[in-house]
$ cat my_file_11.pdb   # PDB, C-alpha atoms, pLDDT in the B column
ATOM      1  CA  MET A   1       6.441  -9.582 -30.023  1.00 47.00           C
ATOM      2  CA  THR A   2       4.828  -6.923 -32.186  1.00 51.00           C
ATOM      3  CA  ASP A   3       2.876  -4.122 -30.552  1.00 52.00           C
ATOM      4  CA  ALA A   4      -0.389  -5.511 -31.850  1.00 53.00           C
ATOM      5  CA  THR A   5       0.150  -8.937 -30.340  1.00 56.00           C
ATOM      6  CA  ARG A   6       1.335  -7.374 -27.090  1.00 56.00           C
ATOM      7  CA  VAL A   7      -1.822  -5.296 -26.825  1.00 54.00           C
ATOM      8  CA  ALA A   8      -3.841  -8.408 -27.524  1.00 54.00           C
ATOM      9  CA  ALA A   9      -1.915 -10.275 -24.838  1.00 60.00           C
ATOM     10  CA  ALA A  10      -2.492  -7.548 -22.226  1.00 57.00           C
ATOM     11  CA  ALA A  11      -6.112  -7.114 -23.214  1.00 57.00           C
ATOM     12  CA  SER A  12      -6.702 -10.826 -22.852  1.00 56.00           C
ATOM     13  CA  SER A  13      -4.685 -11.166 -19.645  1.00 66.00           C
ATOM     14  CA  ARG A  14      -6.877 -12.538 -16.886  1.00 74.00           C
ATOM     15  CA  ASP A  15      -4.351 -11.548 -14.227  1.00 79.00           C
ATOM     16  CA  PRO A  16      -5.906  -8.511 -12.539  1.00 82.00           C
ATOM     17  CA  SER A  17      -2.563  -7.290 -11.207  1.00 77.00           C
ATOM     18  CA  ILE A  18      -1.219  -6.893 -14.766  1.00 80.00           C
ATOM     19  CA  GLY A  19      -4.349  -5.346 -16.222  1.00 82.00           C
ATOM     20  CA  LEU A  20      -5.085  -2.993 -13.309  1.00 83.00           C
ATOM     21  CA  THR A  21      -1.480  -1.834 -13.062  1.00 81.00           C
ATOM     22  CA  ALA A  22      -1.493  -0.990 -16.763  1.00 84.00           C
ATOM     23  CA  VAL A  23      -4.738   0.985 -16.355  1.00 87.00           C
ATOM     24  CA  ALA A  24      -3.295   2.906 -13.374  1.00 85.00           C
ATOM     25  CA  SER A  25      -0.149   3.803 -15.309  1.00 86.00           C
ATOM     26  CA  LEU A  26      -2.221   4.812 -18.314  1.00 89.00           C
ATOM     27  CA  ARG A  27      -4.373   7.081 -16.130  1.00 91.00           C
ATOM     28  CA  GLY A  28      -1.242   8.708 -14.713  1.00 89.00           C
ATOM     29  CA  LEU A  29       0.140   9.335 -18.183  1.00 91.00           C
ATOM     30  CA  LEU A  30      -3.238  10.729 -19.300  1.00 93.00           C
ATOM     31  CA  GLU A  31      -3.317  13.176 -16.366  1.00 92.00           C
ATOM     32  CA  SER A  32       0.164  14.456 -17.139  1.00 92.00           C
ATOM     33  CA  LEU A  33      -0.535  14.850 -20.853  1.00 94.00           C
ATOM     34  CA  GLU A  34      -3.854  16.611 -20.233  1.00 95.00           C
ATOM     35  CA  GLU A  35      -2.227  19.011 -17.788  1.00 94.00           C
ATOM     36  CA  LEU A  36       0.524  19.855 -20.283  1.00 93.00           C
ATOM     37  CA  GLN A  37      -1.953  20.432 -23.092  1.00 95.00           C
ATOM     38  CA  VAL A  38      -4.368  22.518 -21.027  1.00 95.00           C
ATOM     39  CA  THR A  39      -1.479  24.625 -19.705  1.00 93.00           C
ATOM     40  CA  ASN A  40      -0.238  25.145 -23.241  1.00 94.00           C
ATOM     41  CA  ALA A  41      -3.707  26.019 -24.555  1.00 95.00           C
ATOM     42  CA  ARG A  42      -4.233  28.625 -21.810  1.00 94.00           C
ATOM     43  CA  ALA A  43      -0.777  30.069 -22.506  1.00 93.00           C
ATOM     44  CA  GLN A  44      -1.845  30.461 -26.138  1.00 95.00           C
ATOM     45  CA  GLY A  45      -4.975  32.323 -25.096  1.00 95.00           C
ATOM     46  CA  TRP A  46      -7.590  29.586 -25.492  1.00 96.00           C
ATOM     47  CA  SER A  47     -10.785  30.035 -23.476  1.00 95.00           C
ATOM     48  CA  TRP A  48     -11.988  27.375 -21.038  1.00 95.00           C
ATOM     49  CA  GLN A  49     -14.910  26.751 -23.392  1.00 96.00           C
ATOM     50  CA  GLN A  50     -12.613  26.108 -26.368  1.00 96.00           C
ATOM     51  CA  ILE A  51     -10.476  23.699 -24.331  1.00 96.00           C
ATOM     52  CA  ALA A  52     -13.556  21.905 -22.992  1.00 96.00           C
ATOM     53  CA  ASP A  53     -15.036  21.497 -26.489  1.00 96.00           C
ATOM     54  CA  VAL A  54     -11.904  19.847 -27.843  1.00 95.00           C
ATOM     55  CA  LEU A  55     -11.500  17.656 -24.722  1.00 95.00           C
ATOM     56  CA  ARG A  56     -15.206  16.760 -25.056  1.00 94.00           C
ATOM     57  CA  VAL A  57     -15.983  17.623 -21.437  1.00 95.00           C
ATOM     58  CA  SER A  58     -18.016  20.425 -19.863  1.00 96.00           C
ATOM     59  CA  ARG A  59     -16.466  23.858 -19.378  1.00 95.00           C
ATOM     60  CA  GLN A  60     -17.186  23.560 -15.645  1.00 94.00           C
ATOM     61  CA  ALA A  61     -15.306  20.260 -15.427  1.00 94.00           C
ATOM     62  CA  VAL A  62     -12.122  21.543 -17.006  1.00 94.00           C
ATOM     63  CA  HIS A  63     -12.266  24.871 -15.165  1.00 92.00           C
ATOM     64  CA  LYS A  64     -12.847  23.208 -11.805  1.00 92.00           C
ATOM     65  CA  LYS A  65      -9.926  20.860 -12.365  1.00 92.00           C
ATOM     66  CA  TYR A  66      -7.394  23.430 -13.547  1.00 93.00           C
ATOM     67  CA  ARG A  67      -8.384  26.791 -12.060  1.00 87.00           C
ATOM     68  CA  ARG A  68      -6.054  26.177  -9.077  1.00 85.00           C
ATOM     69  CA  PHE A  69      -3.161  26.340 -11.541  1.00 83.00           C
ATOM     70  CA  GLY A  70      -3.834  30.075 -11.738  1.00 77.00           C
ATOM     71  CA  PHE A  71      -4.224  30.599 -15.453  1.00 71.00           C
TER      72      PHE A  71
ATOM     73  CA  MET B   1      -5.999   2.572  22.836  1.00 71.00           C
ATOM     74  CA  PHE B   2      -2.483   3.382  21.566  1.00 76.00           C
ATOM     75  CA  GLU B   3      -1.411   4.811  24.917  1.00 85.00           C
ATOM     76  CA  ARG B   4      -1.562   1.251  26.258  1.00 92.00           C
ATOM     77  CA  PHE B   5       0.795  -0.093  23.592  1.00 95.00           C
ATOM     78  CA  THR B   6       4.276  -0.993  24.803  1.00 95.00           C
ATOM     79  CA  ASP B   7       7.233   0.643  23.052  1.00 95.00           C
ATOM     80  CA  LYS B   8       7.911  -2.526  21.087  1.00 96.00           C
ATOM     81  CA  ALA B   9       4.276  -2.831  20.025  1.00 97.00           C
ATOM     82  CA  ARG B  10       4.344   0.786  18.849  1.00 96.00           C
ATOM     83  CA  ARG B  11       7.486   0.076  16.872  1.00 96.00           C
ATOM     84  CA  VAL B  12       5.704  -2.814  15.162  1.00 97.00           C
ATOM     85  CA  VAL B  13       2.886  -0.482  14.094  1.00 95.00           C
ATOM     86  CA  VAL B  14       5.360   2.089  12.767  1.00 94.00           C
ATOM     87  CA  LEU B  15       7.495  -0.505  10.980  1.00 95.00           C
ATOM     88  CA  ALA B  16       4.398  -2.068   9.382  1.00 96.00           C
ATOM     89  CA  GLN B  17       4.142   1.129   7.366  1.00 93.00           C
ATOM     90  CA  ASP B  18       7.732   0.644   6.157  1.00 91.00           C
ATOM     91  CA  ALA B  19       6.949  -2.986   5.335  1.00 93.00           C
ATOM     92  CA  ALA B  20       3.978  -1.859   3.231  1.00 91.00           C
ATOM     93  CA  ARG B  21       5.929   0.899   1.504  1.00 86.00           C
ATOM     94  CA  GLY B  22       8.861  -1.398   0.775  1.00 85.00           C
ATOM     95  CA  ARG B  23       6.446  -3.719  -1.001  1.00 85.00           C
ATOM     96  CA  GLN B  24       4.813  -0.817  -2.843  1.00 77.00           C
ATOM     97  CA  ALA B  25       1.475  -1.562  -1.200  1.00 83.00           C
ATOM     98  CA  GLY B  26      -1.241   1.096  -1.116  1.00 80.00           C
ATOM     99  CA  THR B  27      -2.471   0.066   2.336  1.00 88.00           C
ATOM    100  CA  ILE B  28      -0.942  -1.506   5.447  1.00 93.00           C
ATOM    101  CA  ARG B  29      -2.237  -5.067   5.563  1.00 94.00           C
ATOM    102  CA  THR B  30      -1.970  -7.804   8.163  1.00 96.00           C
ATOM    103  CA  GLU B  31       1.016  -9.405   6.424  1.00 96.00           C
ATOM    104  CA  HIS B  32       2.881  -6.114   6.855  1.00 96.00           C
ATOM    105  CA  LEU B  33       2.186  -6.213  10.600  1.00 97.00           C
ATOM    106  CA  LEU B  34       3.474  -9.769  10.594  1.00 97.00           C
ATOM    107  CA  ALA B  35       6.660  -8.781   8.743  1.00 97.00           C
ATOM    108  CA  ALA B  36       7.145  -5.869  11.167  1.00 97.00           C
ATOM    109  CA  LEU B  37       7.082  -8.237  14.167  1.00 97.00           C
ATOM    110  CA  PHE B  38      10.377  -9.620  12.878  1.00 97.00           C
ATOM    111  CA  GLU B  39      11.950  -6.148  12.710  1.00 96.00           C
ATOM    112  CA  VAL B  40      11.693  -5.458  16.449  1.00 96.00           C
ATOM    113  CA  PRO B  41      14.448  -7.398  18.222  1.00 94.00           C
ATOM    114  CA  ASP B  42      13.781  -9.582  21.252  1.00 92.00           C
ATOM    115  CA  ASN B  43      10.010  -9.317  21.459  1.00 95.00           C
ATOM    116  CA  LEU B  44       7.581 -11.760  23.003  1.00 95.00           C
ATOM    117  CA  ALA B  45       5.714 -12.458  19.751  1.00 96.00           C
ATOM    118  CA  LEU B  46       8.972 -13.700  18.242  1.00 96.00           C
ATOM    119  CA  ALA B  47       9.553 -15.945  21.240  1.00 95.00           C
ATOM    120  CA  VAL B  48       6.114 -17.469  20.629  1.00 96.00           C
ATOM    121  CA  LEU B  49       6.770 -17.929  16.912  1.00 96.00           C
ATOM    122  CA  GLU B  50      10.128 -19.487  17.703  1.00 94.00           C
ATOM    123  CA  GLY B  51       8.286 -21.978  19.883  1.00 93.00           C
ATOM    124  CA  PHE B  52       6.269 -22.976  16.825  1.00 95.00           C
ATOM    125  CA  GLY B  53       9.440 -23.232  14.712  1.00 96.00           C
ATOM    126  CA  VAL B  54       8.412 -20.326  12.505  1.00 96.00           C
ATOM    127  CA  THR B  55      11.380 -18.390  11.109  1.00 95.00           C
ATOM    128  CA  LYS B  56      11.639 -14.922   9.637  1.00 96.00           C
ATOM    129  CA  ALA B  57      12.893 -16.307   6.332  1.00 95.00           C
ATOM    130  CA  ASP B  58       9.867 -18.613   6.015  1.00 95.00           C
ATOM    131  CA  VAL B  59       7.378 -15.864   6.762  1.00 96.00           C
ATOM    132  CA  LEU B  60       8.983 -13.349   4.407  1.00 94.00           C
ATOM    133  CA  ALA B  61       8.977 -15.965   1.647  1.00 94.00           C
ATOM    134  CA  ASP B  62       5.282 -16.655   2.326  1.00 95.00           C
ATOM    135  CA  ILE B  63       4.514 -12.939   2.090  1.00 93.00           C
ATOM    136  CA  ASP B  64       6.363 -12.668  -1.226  1.00 89.00           C
ATOM    137  CA  ARG B  65       4.242 -15.487  -2.583  1.00 89.00           C
ATOM    138  CA  LEU B  66       0.910 -13.774  -1.813  1.00 88.00           C
ATOM    139  CA  PRO B  67      -1.091 -12.792  -4.904  1.00 79.00           C
ATOM    140  CA  GLY B  68      -0.210  -9.308  -6.043  1.00 68.00           C
ATOM    141  CA  ALA B  69       3.038  -9.342  -4.052  1.00 66.00           C
ATOM    142  CA  GLY B  70       6.409  -8.443  -5.432  1.00 58.00           C
ATOM    143  CA  PRO B  71       7.468  -4.991  -6.564  1.00 58.00           C
ATOM    144  CA  ALA B  72       4.957  -3.217  -8.790  1.00 62.00           C
ATOM    145  CA  PRO B  73       6.208  -2.887 -12.351  1.00 69.00           C
ATOM    146  CA  SER B  74       7.397   0.547 -13.394  1.00 78.00           C
ATOM    147  CA  ASP B  75       4.970   2.704 -15.377  1.00 83.00           C
ATOM    148  CA  ALA B  76       7.099   1.998 -18.453  1.00 85.00           C
ATOM    149  CA  ASP B  77       6.702  -1.769 -18.029  1.00 84.00           C
ATOM    150  CA  ALA B  78       2.992  -1.510 -17.239  1.00 83.00           C
ATOM    151  CA  LEU B  79       2.333   0.615 -20.314  1.00 87.00           C
ATOM    152  CA  ALA B  80       4.446  -1.675 -22.486  1.00 87.00           C
ATOM    153  CA  ALA B  81       1.887  -4.377 -21.666  1.00 81.00           C
ATOM    154  CA  LEU B  82      -0.631  -2.202 -23.510  1.00 84.00           C
ATOM    155  CA  GLY B  83       1.739  -1.606 -26.413  1.00 88.00           C
ATOM    156  CA  ILE B  84       2.544   1.950 -25.306  1.00 90.00           C
ATOM    157  CA  ASP B  85       6.203   2.979 -25.380  1.00 91.00           C
ATOM    158  CA  LEU B  86       6.519   5.451 -22.494  1.00 90.00           C
ATOM    159  CA  ASP B  87      10.036   6.486 -23.565  1.00 88.00           C
ATOM    160  CA  GLU B  88       8.714   7.374 -26.999  1.00 90.00           C
ATOM    161  CA  VAL B  89       5.816   9.358 -25.504  1.00 90.00           C
ATOM    162  CA  ARG B  90       8.291  11.191 -23.271  1.00 89.00           C
ATOM    163  CA  ARG B  91      10.527  11.962 -26.274  1.00 89.00           C
ATOM    164  CA  GLN B  92       7.617  13.386 -28.262  1.00 90.00           C
ATOM    165  CA  VAL B  93       6.413  15.506 -25.334  1.00 90.00           C
ATOM    166  CA  GLU B  94       9.902  16.825 -24.600  1.00 90.00           C
ATOM    167  CA  ASP B  95      10.358  17.751 -28.275  1.00 91.00           C
ATOM    168  CA  ALA B  96       7.323  20.005 -27.958  1.00 90.00           C
ATOM    169  CA  PHE B  97       7.521  21.228 -24.364  1.00 90.00           C
ATOM    170  CA  GLY B  98      11.163  20.877 -23.297  1.00 88.00           C
ATOM    171  CA  ALA B  99      13.262  18.428 -21.291  1.00 86.00           C
ATOM    172  CA  GLY B 100      11.530  16.902 -18.271  1.00 85.00           C
ATOM    173  CA  ALA B 101       8.157  18.391 -19.234  1.00 88.00           C
ATOM    174  CA  LEU B 102       6.194  15.222 -18.536  1.00 86.00           C
ATOM    175  CA  ASP B 103       7.788  14.562 -15.143  1.00 83.00           C
ATOM    176  CA  ARG B 104       7.461  18.216 -14.094  1.00 86.00           C
ATOM    177  CA  THR B 105       3.649  18.197 -14.256  1.00 88.00           C
ATOM    178  CA  ARG B 106       1.730  18.549 -11.008  1.00 87.00           C
ATOM    179  CA  ALA B 107      -0.007  15.290 -11.836  1.00 85.00           C
ATOM    180  CA  ALA B 108       3.380  13.487 -11.828  1.00 83.00           C
ATOM    181  CA  ALA B 109       4.447  15.263  -8.619  1.00 77.00           C
ATOM    182  CA  GLY B 110       1.188  14.165  -6.940  1.00 73.00           C
ATOM    183  CA  ARG B 111       1.863  10.550  -7.803  1.00 70.00           C
ATOM    184  CA  ALA B 112       5.405  10.758  -6.383  1.00 64.00           C
ATOM    185  CA  TRP B 113       4.035  12.323  -3.198  1.00 57.00           C
ATOM    186  CA  ARG B 114       1.553   9.517  -2.720  1.00 58.00           C
ATOM    187  CA  ARG B 115       4.328   6.972  -3.080  1.00 61.00           C
ATOM    188  CA  GLY B 116       6.332   8.596  -0.257  1.00 63.00           C
ATOM    189  CA  GLY B 117       3.423   9.736   1.899  1.00 70.00           C
ATOM    190  CA  HIS B 118       1.239   8.314   4.612  1.00 80.00           C
ATOM    191  CA  ILE B 119      -0.137   4.819   3.998  1.00 85.00           C
ATOM    192  CA  PRO B 120      -3.502   4.021   5.618  1.00 89.00           C
ATOM    193  CA  PHE B 121      -4.263   0.839   7.554  1.00 93.00           C
ATOM    194  CA  GLU B 122      -6.527  -1.555   5.734  1.00 93.00           C
ATOM    195  CA  ARG B 123      -9.669  -2.706   7.582  1.00 93.00           C
ATOM    196  CA  GLU B 124      -8.311  -6.121   8.568  1.00 94.00           C
ATOM    197  CA  ALA B 125      -5.034  -4.668   9.855  1.00 95.00           C
ATOM    198  CA  LYS B 126      -7.004  -2.228  12.026  1.00 95.00           C
ATOM    199  CA  LYS B 127      -9.032  -5.163  13.218  1.00 95.00           C
ATOM    200  CA  VAL B 128      -5.828  -6.939  14.339  1.00 96.00           C
ATOM    201  CA  LEU B 129      -4.950  -3.977  16.560  1.00 95.00           C
ATOM    202  CA  GLU B 130      -8.464  -3.922  18.033  1.00 95.00           C
ATOM    203  CA  LEU B 131      -8.273  -7.655  18.662  1.00 96.00           C
ATOM    204  CA  ALA B 132      -4.846  -7.165  20.281  1.00 96.00           C
ATOM    205  CA  LEU B 133      -6.573  -4.959  22.836  1.00 96.00           C
ATOM    206  CA  ARG B 134      -9.242  -7.603  23.350  1.00 96.00           C
ATOM    207  CA  GLU B 135      -6.551 -10.272  23.878  1.00 96.00           C
ATOM    208  CA  ALA B 136      -4.812  -8.105  26.472  1.00 95.00           C
ATOM    209  CA  VAL B 137      -8.081  -7.509  28.333  1.00 95.00           C
ATOM    210  CA  ARG B 138      -8.884 -11.218  28.206  1.00 94.00           C
ATOM    211  CA  MET B 139      -5.530 -12.014  29.841  1.00 93.00           C
ATOM    212  CA  THR B 140      -6.041  -9.173  32.333  1.00 93.00           C
ATOM    213  CA  HIS B 141      -2.857  -7.482  31.093  1.00 93.00           C
ATOM    214  CA  ASN B 142      -2.911  -3.707  31.428  1.00 93.00           C
ATOM    215  CA  TYR B 143      -0.697  -3.138  28.380  1.00 94.00           C
ATOM    216  CA  ILE B 144      -0.785  -4.199  24.732  1.00 96.00           C
ATOM    217  CA  GLY B 145       2.435  -5.908  23.683  1.00 96.00           C
ATOM    218  CA  THR B 146       3.722  -7.600  20.554  1.00 97.00           C
ATOM    219  CA  GLU B 147       2.350 -10.896  21.886  1.00 96.00           C
ATOM    220  CA  HIS B 148      -1.174  -9.456  21.891  1.00 97.00           C
ATOM    221  CA  ILE B 149      -0.714  -8.197  18.330  1.00 97.00           C
ATOM    222  CA  LEU B 150       0.282 -11.728  17.352  1.00 97.00           C
ATOM    223  CA  LEU B 151      -2.768 -13.218  19.091  1.00 97.00           C
ATOM    224  CA  GLY B 152      -4.996 -10.592  17.468  1.00 97.00           C
ATOM    225  CA  MET B 153      -3.582 -11.606  14.119  1.00 96.00           C
ATOM    226  CA  LEU B 154      -4.510 -15.225  14.772  1.00 96.00           C
ATOM    227  CA  HIS B 155      -8.256 -14.526  14.698  1.00 93.00           C
ATOM    228  CA  SER B 156      -9.854 -16.092  11.668  1.00 83.00           C
ATOM    229  CA  GLU B 157     -11.109 -12.883  10.081  1.00 79.00           C
ATOM    230  CA  THR B 158      -7.779 -11.120   9.834  1.00 82.00           C
ATOM    231  CA  GLY B 159      -6.536 -11.934   6.364  1.00 90.00           C
ATOM    232  CA  ALA B 160      -3.190 -12.986   4.970  1.00 95.00           C
ATOM    233  CA  GLY B 161      -1.252 -12.734   8.250  1.00 95.00           C
ATOM    234  CA  GLN B 162      -3.504 -15.302   9.851  1.00 95.00           C
ATOM    235  CA  ARG B 163      -3.472 -17.592   6.804  1.00 95.00           C
ATOM    236  CA  ILE B 164       0.329 -17.603   6.673  1.00 96.00           C
ATOM    237  CA  LEU B 165       0.660 -18.366  10.384  1.00 96.00           C
ATOM    238  CA  LEU B 166      -2.013 -21.043  10.342  1.00 95.00           C
ATOM    239  CA  ALA B 167      -0.354 -22.754   7.365  1.00 95.00           C
ATOM    240  CA  ARG B 168       2.841 -22.813   9.454  1.00 96.00           C
ATOM    241  CA  GLY B 169       0.987 -24.504  12.315  1.00 95.00           C
ATOM    242  CA  VAL B 170       0.442 -21.523  14.602  1.00 96.00           C
ATOM    243  CA  ARG B 171      -2.996 -21.949  16.140  1.00 93.00           C
ATOM    244  CA  GLN B 172      -4.582 -19.282  18.275  1.00 93.00           C
ATOM    245  CA  ASP B 173      -5.521 -21.481  21.242  1.00 94.00           C
ATOM    246  CA  ALA B 174      -2.031 -23.004  21.415  1.00 95.00           C
ATOM    247  CA  ALA B 175      -0.395 -19.599  20.998  1.00 96.00           C
ATOM    248  CA  ARG B 176      -2.430 -18.223  23.909  1.00 95.00           C
ATOM    249  CA  VAL B 177      -1.114 -20.982  26.162  1.00 94.00           C
ATOM    250  CA  VAL B 178       2.480 -20.220  25.093  1.00 94.00           C
ATOM    251  CA  VAL B 179       1.992 -16.498  25.708  1.00 94.00           C
ATOM    252  CA  GLU B 180       0.584 -17.081  29.177  1.00 93.00           C
ATOM    253  CA  GLU B 181       3.464 -19.392  30.020  1.00 92.00           C
ATOM    254  CA  LEU B 182       6.078 -16.922  28.749  1.00 91.00           C
ATOM    255  CA  VAL B 183       4.514 -14.040  30.639  1.00 89.00           C
ATOM    256  CA  ARG B 184       4.415 -16.110  33.817  1.00 87.00           C
ATOM    257  CA  THR B 185       8.077 -17.133  33.571  1.00 85.00           C
ATOM    258  CA  ARG B 186       9.117 -13.561  32.767  1.00 78.00           C
ATOM    259  CA  ARG B 187       7.293 -12.345  35.854  1.00 66.00           C
ATOM    260  CA  ALA B 188       8.800 -15.130  37.897  1.00 54.00           C
ATOM    261  CA  GLY B 189      12.279 -14.519  36.602  1.00 46.00           C
TER     262      GLY B 189
END
$ encode --input "my_file_11.pdb" --output "structure tokens"
Amino acid sequence: MTDATRVAAAASSRDPSIGLTAVASLRGLLESLEELQVTNARAQGWSWQQIADVLRVSRQAVHKKYRRFGF
Amino acid sequence: MFERFTDKARRVVVLAQDAARGRQAGTIRTEHLLAALFEVPDNLALAVLEGFGVTKADVLADIDRLPGAGPAPSDADALAALGIDLDEVRRQVEDAFGAGALDRTRAAAGRAWRRGGHIPFEREAKKVLELALREAVRMTHNYIGTEHILLGMLHSETGAGQRILLARGVRQDAARVVVEELVRTRRAG
């Protein structure tokens, strides 16, 4: 199966356990990728405002989520 | 309420958590309590179920057939269903940030912790334990045993555990009679 047809198959799957599991895994991957990229941006001296602009969220949102990382 | 649970009944509650975790469930449900009954040797609930001809193998097979049962697919398999190749993503990330970068994130660690951590009781499973107390009171027993957990599970509003048992012919009124008989003979002998 090509990727395109597989996406179509998953998108059209009416089985909630398949669709919801895929969404949960996708959210987990998203969280890890965002954390890596925010960490990297801070290490390179980006401001919270710059990071927030590119992520298209508010500065408060990104700061609140990542300030506990201590950077 | 838990101080009135017998040792075996407590073990059932503890082992229900293992039953849920082993099936990668996010909450402890009534079918996990049912599975746990079979993990505590020589208990009165099992004697009742034996009387109805219900075996461990049958019940475990029924639980596996519930919707959403079976091991959850790995993240890689789940993402493949969306056309995302997790191995490829991991390769790209590790090229940029070093080996293990993706799995070292706090987000990934948090997910692993949740998988190994405390699993809460779902509403219906809690209800079974409350109904177990009610069954004990009704029989004027001053303890809550595995047999009361079983009877609590046989109330109609308690989810998959009840449905599985009912489909195997275990009715609450009949089970109560069996429990009372077993308790009487145990006291007598």
$ interface_residues --input "my_file_11.pdb" --of "chain B" --to "chain A" --cutoff "7 Å" --atoms "all atoms listed in the file" --output "MDAnalysis selection string"
chainID B and resid 68 75 78:79 81:83 102 105 107:108
$ atom_distance --input "my_file_11.pdb" --atom1 "atom CA of Arg11 of chain B" --atom2 "atom CA of Val179 of chain B"
19.6 Å
$ residues_around --input "my_file_11.pdb" --residues "segment 43-60 of chain B" --least-positions-apart "3" --cutoff "8 Å" --atoms "all atoms listed in the file" --output "number ranges by chain"
B: 8, 35, 37-38, 40, 63-64, 145-150, 164, 168-170, 175, 178-179, 182
$ atom_distance --input "my_file_11.pdb" --atom1 "atom CA of Gln17 of chain B" --atom2 "atom CA of Leu166 of chain B"
23.2 Å
$ atom_distance --input "my_file_11.pdb" --atom1 "atom CA of Arg23 of chain B" --atom2 "atom CA of Arg111 of chain B"
16.5 Å
$ residues_around --input "my_file_11.pdb" --residues "Arg59 of chain A" --least-positions-apart "2" --cutoff "6 Å" --atoms "all atoms listed in the file" --output "PyMOL selection string"
chain A and resi 48-49+52+61-62
$ closest_residue --input "my_file_11.pdb" --among "B:Met139, B:Val89, B:Leu15, B:Ala9" --to "Asp103 of chain B" --atoms "all atoms listed in the file"
B:Val89
$ decode --input "my_file_11.pdb" --residues "segment 17-28 of chain A" --atoms "N, CA, C and O atoms" --output "compact mmCIF listing (two decimals), in the first residue's frame"
# COMPACT_ATOMS: atom_id res chain seq x y z
N SER A 17 -11.04 2.60 17.73
CA SER A 17 -9.81 2.20 18.42
C SER A 17 -8.59 2.43 17.53
O SER A 17 -7.51 2.76 18.01
N ILE A 18 -8.75 2.29 16.21
CA ILE A 18 -7.63 2.55 15.29
C ILE A 18 -7.38 4.05 15.19
O ILE A 18 -6.25 4.53 15.38
N GLY A 19 -8.44 4.79 14.93
CA GLY A 19 -8.30 6.23 14.73
C GLY A 19 -7.80 6.95 15.98
O GLY A 19 -6.88 7.77 15.92
N LEU A 20 -8.39 6.61 17.15
CA LEU A 20 -8.01 7.30 18.39
C LEU A 20 -6.60 6.95 18.80
O LEU A 20 -5.87 7.80 19.31
N THR A 21 -6.21 5.69 18.59
CA THR A 21 -4.85 5.29 18.95
C THR A 21 -3.84 6.05 18.10
O THR A 21 -2.79 6.49 18.59
N ALA A 22 -4.16 6.21 16.82
CA ALA A 22 -3.25 6.95 15.93
C ALA A 22 -3.13 8.40 16.38
O ALA A 22 -2.03 8.96 16.42
N VAL A 23 -4.25 9.00 16.78
CA VAL A 23 -4.23 10.40 17.25
C VAL A 23 -3.37 10.52 18.52
O VAL A 23 -2.56 11.44 18.65
N ALA A 24 -3.54 9.55 19.44
CA ALA A 24 -2.78 9.59 20.70
C ALA A 24 -1.28 9.48 20.42
O ALA A 24 -0.47 10.20 21.01
N SER A 25 -0.91 8.58 19.50
CA SER A 25 0.51 8.42 19.18
C SER A 25 1.05 9.67 18.50
O SER A 25 2.19 10.09 18.74
N LEU A 26 0.22 10.26 17.65
CA LEU A 26 0.63 11.48 16.95
C LEU A 26 0.85 12.61 17.94
O LEU A 26 1.82 13.37 17.85
N ARG A 27 -0.04 12.71 18.94
CA ARG A 27 0.10 13.76 19.96
C ARG A 27 1.40 13.57 20.74
O ARG A 27 2.11 14.52 21.04
N GLY A 28 1.69 12.30 21.06
CA GLY A 28 2.93 12.01 21.79
C GLY A 28 4.16 12.42 21.00
O GLY A 28 5.08 13.04 21.53
